[in-house]
Amino acid sequence: MNRRVFLKGGALSLVTLGLSPSFLRRTALAMDLPRAARGKTLIVLFQRGAADALNVVVPFGDAAYYAARPQLAIAAPTQTASAVGAIDLDGYFGLHPALSSFKPLWDRGLLAPIHAVGSPSSTRSHFDAQDYMETGTPDVKGTSDGWLNRYLAVRGTCEQCAVGSDAPFRAVAMTAQTPRILGGAAPSVSMNSLDEFSIRTNGGESEKRLEALYRTGNSDVVHGSGAEMFEALRVLRAANPQQYKPADGVEYPKSPFGQRLLQIAQLIKAGVGMEVAFADVGGWDTHVNQGGAQGQLAQRLSDFSDSIAALVSDLGDRMGDVVILTMSEFGRTVRQNGTGGTDHGHAGAMFVISGALKGAHKVHGKWPGLAPEQLNEGRDLALTTDFRSVFSEVASKHLGAQSLEQIFPGFRSSTLNWLGVL
């Protein structure tokens, strides 16, 4: 029996998705070595599809908001008890009622909303806008790498991982393919779940037979040493992701997004030197039947906030070393359309969530207003904060990046255009 026949017969499948044996060997070594002191971690969460910022962080203090959205607007907190209103933050802005899981984070000083933020590009293309936000170079289509990958390359060897380790889990994307934001020369790992670091067999004897073929053969189905691969897989399997239990009282949503965040928490708690984590969630393109306090958008926001709140609770005091950064490629039109939805807009909203906030209990960003003469192109929330100002502040203040001109080429970043969130 040769390898091809053995694998084709279905006795064993390797589920590693882009992971080489040398990667797995380094992972095993990292897990065997003593853990280093707890380091900083940035978790980036992308809301793909252009989330409606005006119904996420509701400007209930702006009368023009209600004039533009007679059916979709979220009621002000001060309206009658029969109306499901916004969750008041500062007397002018509030959270969508489906974001109720975020209110305790705001009260504890862990949540910083940012409004009227986004890309200076005027594009209304999802694909272009997402690329610009992930590469950090608006209107430049030739950029080949993502800004997080450039950060990893500029920072060089991980400073928080185990001694002698190349930190194979330094940058992890819980996605089927490497996202643009992590694309580039610096190594990163992309996977749908931690289960992909396992061998699924129909019996232990089958695995032993295949391992014997690798040990004695001259070529492998995957490149590299089969012996190293099996050695690494055994170590990784000992950490059995299925045995992970969140902190007492924490229950993640069963949605794909909630489960991705659960596994990010597991990697952080495992102490494998993860510096950057990425996950995304779609379904924010609400052209039709968007809904107001209830409906399509509300359902998305409920899962989004419940998942993040579970992650924060699960990490506990580790949130002092963690920043969660949310983003979406652009916002949506101020006026509702004829099909009960909103169309592609311009500026949007972000959240920064951390135990290290300096700008807590404040909605950040300069509010441009929603009167007709204040709108971008007469239809959108105007941009007052370039997303690169937020990204560069997080990279510098949280991760310690110094060569910001290499991470965000063409953008002059300084404390003058930072918001003071961290």
# chains A, B, ... in the order shown; residues from 1 in each chain; ligands from 1

$ residues_around --residues "segment 132-138 of chain A" --least-positions-apart "5" --cutoff "10 Å" --atoms "only C-alpha atoms" --output "PyMOL selection string"
chain A and resi 46+118-123+126-127+143-150+179-183+327-330+386-388+391-392+407-411

$ closest_residue --among "A:Leu370, A:Leu111, A:Ala73, A:Ala382" --to "Met350 of chain A" --atoms "only C-alpha atoms"
A:Leu111

$ closest_residue --among "A:Pro70, A:Gly184, A:Pro113, A:Pro77" --to "His361 of chain A" --atoms "only C-alpha atoms"
A:Pro113

$ residues_around --residues "segment 263-270 of chain A" --least-positions-apart "2" --cutoff "9 Å" --atoms "only C-alpha atoms" --output "PDB file with N, CA and C atoms, in the first residue's frame"
ATOM      1  N   MET A  31       4.946  25.277  22.513  1.00  0.00           N
ATOM      2  CA  MET A  31       4.055  24.837  23.577  1.00  0.00           C
ATOM      3  C   MET A  31       4.813  24.064  24.645  1.00  0.00           C
ATOM      4  N   ARG A  35       6.371  29.281  29.354  1.00  0.00           N
ATOM      5  CA  ARG A  35       5.613  30.424  28.868  1.00  0.00           C
ATOM      6  C   ARG A  35       6.275  31.708  29.324  1.00  0.00           C
ATOM      7  N   THR A  41      -2.011  41.959  23.169  1.00  0.00           N
ATOM      8  CA  THR A  41      -2.718  41.328  22.064  1.00  0.00           C
ATOM      9  C   THR A  41      -3.704  42.318  21.467  1.00  0.00           C
ATOM     10  N   ILE A  43      -6.963  42.369  18.926  1.00  0.00           N
ATOM     11  CA  ILE A  43      -7.977  41.571  18.248  1.00  0.00           C
ATOM     12  C   ILE A  43      -8.737  42.493  17.298  1.00  0.00           C
ATOM     13  N   PHE A 169       2.099  31.119  16.444  1.00  0.00           N
ATOM     14  CA  PHE A 169       0.761  31.671  16.613  1.00  0.00           C
ATOM     15  C   PHE A 169       0.795  33.180  16.835  1.00  0.00           C
ATOM     16  N   VAL A 172      -2.880  35.263  14.034  1.00  0.00           N
ATOM     17  CA  VAL A 172      -3.854  34.225  13.707  1.00  0.00           C
ATOM     18  C   VAL A 172      -5.117  34.870  13.163  1.00  0.00           C
ATOM     19  N   MET A 174      -8.991  33.813  12.172  1.00  0.00           N
ATOM     20  CA  MET A 174      -9.999  32.759  12.215  1.00  0.00           C
ATOM     21  C   MET A 174     -10.848  32.866  10.951  1.00  0.00           C
ATOM     22  N   SER A 193     -10.993  26.874  12.422  1.00  0.00           N
ATOM     23  CA  SER A 193     -11.114  26.539  13.829  1.00  0.00           C
ATOM     24  C   SER A 193      -9.859  25.820  14.284  1.00  0.00           C
ATOM     25  N   LEU A 194      -9.691  25.731  15.591  1.00  0.00           N
ATOM     26  CA  LEU A 194      -8.535  25.032  16.139  1.00  0.00           C
ATOM     27  C   LEU A 194      -8.584  23.538  15.868  1.00  0.00           C
ATOM     28  N   ALA A 239      -3.528  19.443  23.769  1.00  0.00           N
ATOM     29  CA  ALA A 239      -4.220  20.635  24.254  1.00  0.00           C
ATOM     30  C   ALA A 239      -5.701  20.610  23.925  1.00  0.00           C
ATOM     31  N   PRO A 241      -8.744  21.197  21.925  1.00  0.00           N
ATOM     32  CA  PRO A 241      -9.631  22.365  21.972  1.00  0.00           C
ATOM     33  C   PRO A 241     -11.021  22.041  22.496  1.00  0.00           C
ATOM     34  N   TYR A 244     -11.709  22.861  26.218  1.00  0.00           N
ATOM     35  CA  TYR A 244     -11.627  24.219  26.753  1.00  0.00           C
ATOM     36  C   TYR A 244     -12.943  24.633  27.393  1.00  0.00           C
ATOM     37  N   LYS A 245     -12.857  25.229  28.567  1.00  0.00           N
ATOM     38  CA  LYS A 245     -14.041  25.720  29.266  1.00  0.00           C
ATOM     39  C   LYS A 245     -13.853  27.205  29.552  1.00  0.00           C
ATOM     40  N   PRO A 246     -14.773  28.045  29.077  1.00  0.00           N
ATOM     41  CA  PRO A 246     -14.675  29.479  29.390  1.00  0.00           C
ATOM     42  C   PRO A 246     -14.776  29.725  30.891  1.00  0.00           C
ATOM     43  N   GLY A 258     -19.427  33.903  17.282  1.00  0.00           N
ATOM     44  CA  GLY A 258     -19.217  33.658  18.699  1.00  0.00           C
ATOM     45  C   GLY A 258     -18.193  32.567  18.955  1.00  0.00           C
ATOM     46  N   GLN A 259     -18.223  31.514  18.162  1.00  0.00           N
ATOM     47  CA  GLN A 259     -17.283  30.410  18.344  1.00  0.00           C
ATOM     48  C   GLN A 259     -15.864  30.792  17.932  1.00  0.00           C
ATOM     49  N   ARG A 260     -15.729  31.683  16.957  1.00  0.00           N
ATOM     50  CA  ARG A 260     -14.387  32.164  16.592  1.00  0.00           C
ATOM     51  C   ARG A 260     -13.778  32.958  17.746  1.00  0.00           C
ATOM     52  N   LEU A 261     -14.594  33.782  18.385  1.00  0.00           N
ATOM     53  CA  LEU A 261     -14.074  34.568  19.505  1.00  0.00           C
ATOM     54  C   LEU A 261     -13.733  33.674  20.690  1.00  0.00           C
ATOM     55  N   VAL A 272       0.570  31.247  23.982  1.00  0.00           N
ATOM     56  CA  VAL A 272       1.446  30.825  22.890  1.00  0.00           C
ATOM     57  C   VAL A 272       2.040  32.018  22.137  1.00  0.00           C
ATOM     58  N   GLY A 273       1.990  33.211  22.723  1.00  0.00           N
ATOM     59  CA  GLY A 273       2.622  34.367  22.100  1.00  0.00           C
ATOM     60  C   GLY A 273       1.796  35.026  21.020  1.00  0.00           C
ATOM     61  N   MET A 274       0.472  34.877  21.057  1.00  0.00           N
ATOM     62  CA  MET A 274      -0.355  35.510  20.024  1.00  0.00           C
ATOM     63  C   MET A 274      -0.403  37.017  20.256  1.00  0.00           C
ATOM     64  N   GLU A 275       0.030  37.756  19.251  1.00  0.00           N
ATOM     65  CA  GLU A 275       0.090  39.208  19.313  1.00  0.00           C
ATOM     66  C   GLU A 275      -1.066  39.852  18.555  1.00  0.00           C
ATOM     67  N   ALA A 277      -4.839  38.913  16.479  1.00  0.00           N
ATOM     68  CA  ALA A 277      -5.890  37.977  16.081  1.00  0.00           C
ATOM     69  C   ALA A 277      -6.880  38.723  15.201  1.00  0.00           C
ATOM     70  N   PHE A 278      -7.466  37.993  14.256  1.00  0.00           N
ATOM     71  CA  PHE A 278      -8.409  38.611  13.319  1.00  0.00           C
ATOM     72  C   PHE A 278      -9.603  37.685  13.120  1.00  0.00           C
ATOM     73  N   ALA A 279     -10.777  38.281  13.029  1.00  0.00           N
ATOM     74  CA  ALA A 279     -11.994  37.546  12.662  1.00  0.00           C
ATOM     75  C   ALA A 279     -12.922  38.511  11.946  1.00  0.00           C
ATOM     76  N   LEU A 311     -16.412  37.386  25.168  1.00  0.00           N
ATOM     77  CA  LEU A 311     -14.948  37.372  25.076  1.00  0.00           C
ATOM     78  C   LEU A 311     -14.332  38.219  26.178  1.00  0.00           C
ATOM     79  N   VAL A 312     -14.870  39.416  26.393  1.00  0.00           N
ATOM     80  CA  VAL A 312     -14.341  40.301  27.431  1.00  0.00           C
ATOM     81  C   VAL A 312     -14.471  39.657  28.807  1.00  0.00           C
ATOM     82  N   ASP A 314     -14.728  36.473  29.478  1.00  0.00           N
ATOM     83  CA  ASP A 314     -13.888  35.288  29.531  1.00  0.00           C
ATOM     84  C   ASP A 314     -12.429  35.648  29.817  1.00  0.00           C
ATOM     85  N   LEU A 315     -11.968  36.740  29.232  1.00  0.00           N
ATOM     86  CA  LEU A 315     -10.570  37.143  29.410  1.00  0.00           C
ATOM     87  C   LEU A 315     -10.329  37.784  30.771  1.00  0.00           C
ATOM     88  N   ARG A 318      -7.213  39.886  31.945  1.00  0.00           N
ATOM     89  CA  ARG A 318      -6.329  39.946  30.790  1.00  0.00           C
ATOM     90  C   ARG A 318      -6.697  41.106  29.865  1.00  0.00           C
TER      91      ARG A 318
END

$ closest_residue --among "A:Thr286, A:Gln296, A:Thr175, A:Ser255" --to "Thr333 of chain A" --atoms "only C-alpha atoms"
A:Thr286

$ closest_residue --among "A:Lys141, A:His346, A:His398, A:Arg69" --to "Gly291 of chain A" --atoms "only C-alpha atoms"
A:Arg69

$ atom_distance --atom1 "atom CA of Val56 of chain A" --atom2 "atom CA of Gly420 of chain A"
21.6 Å
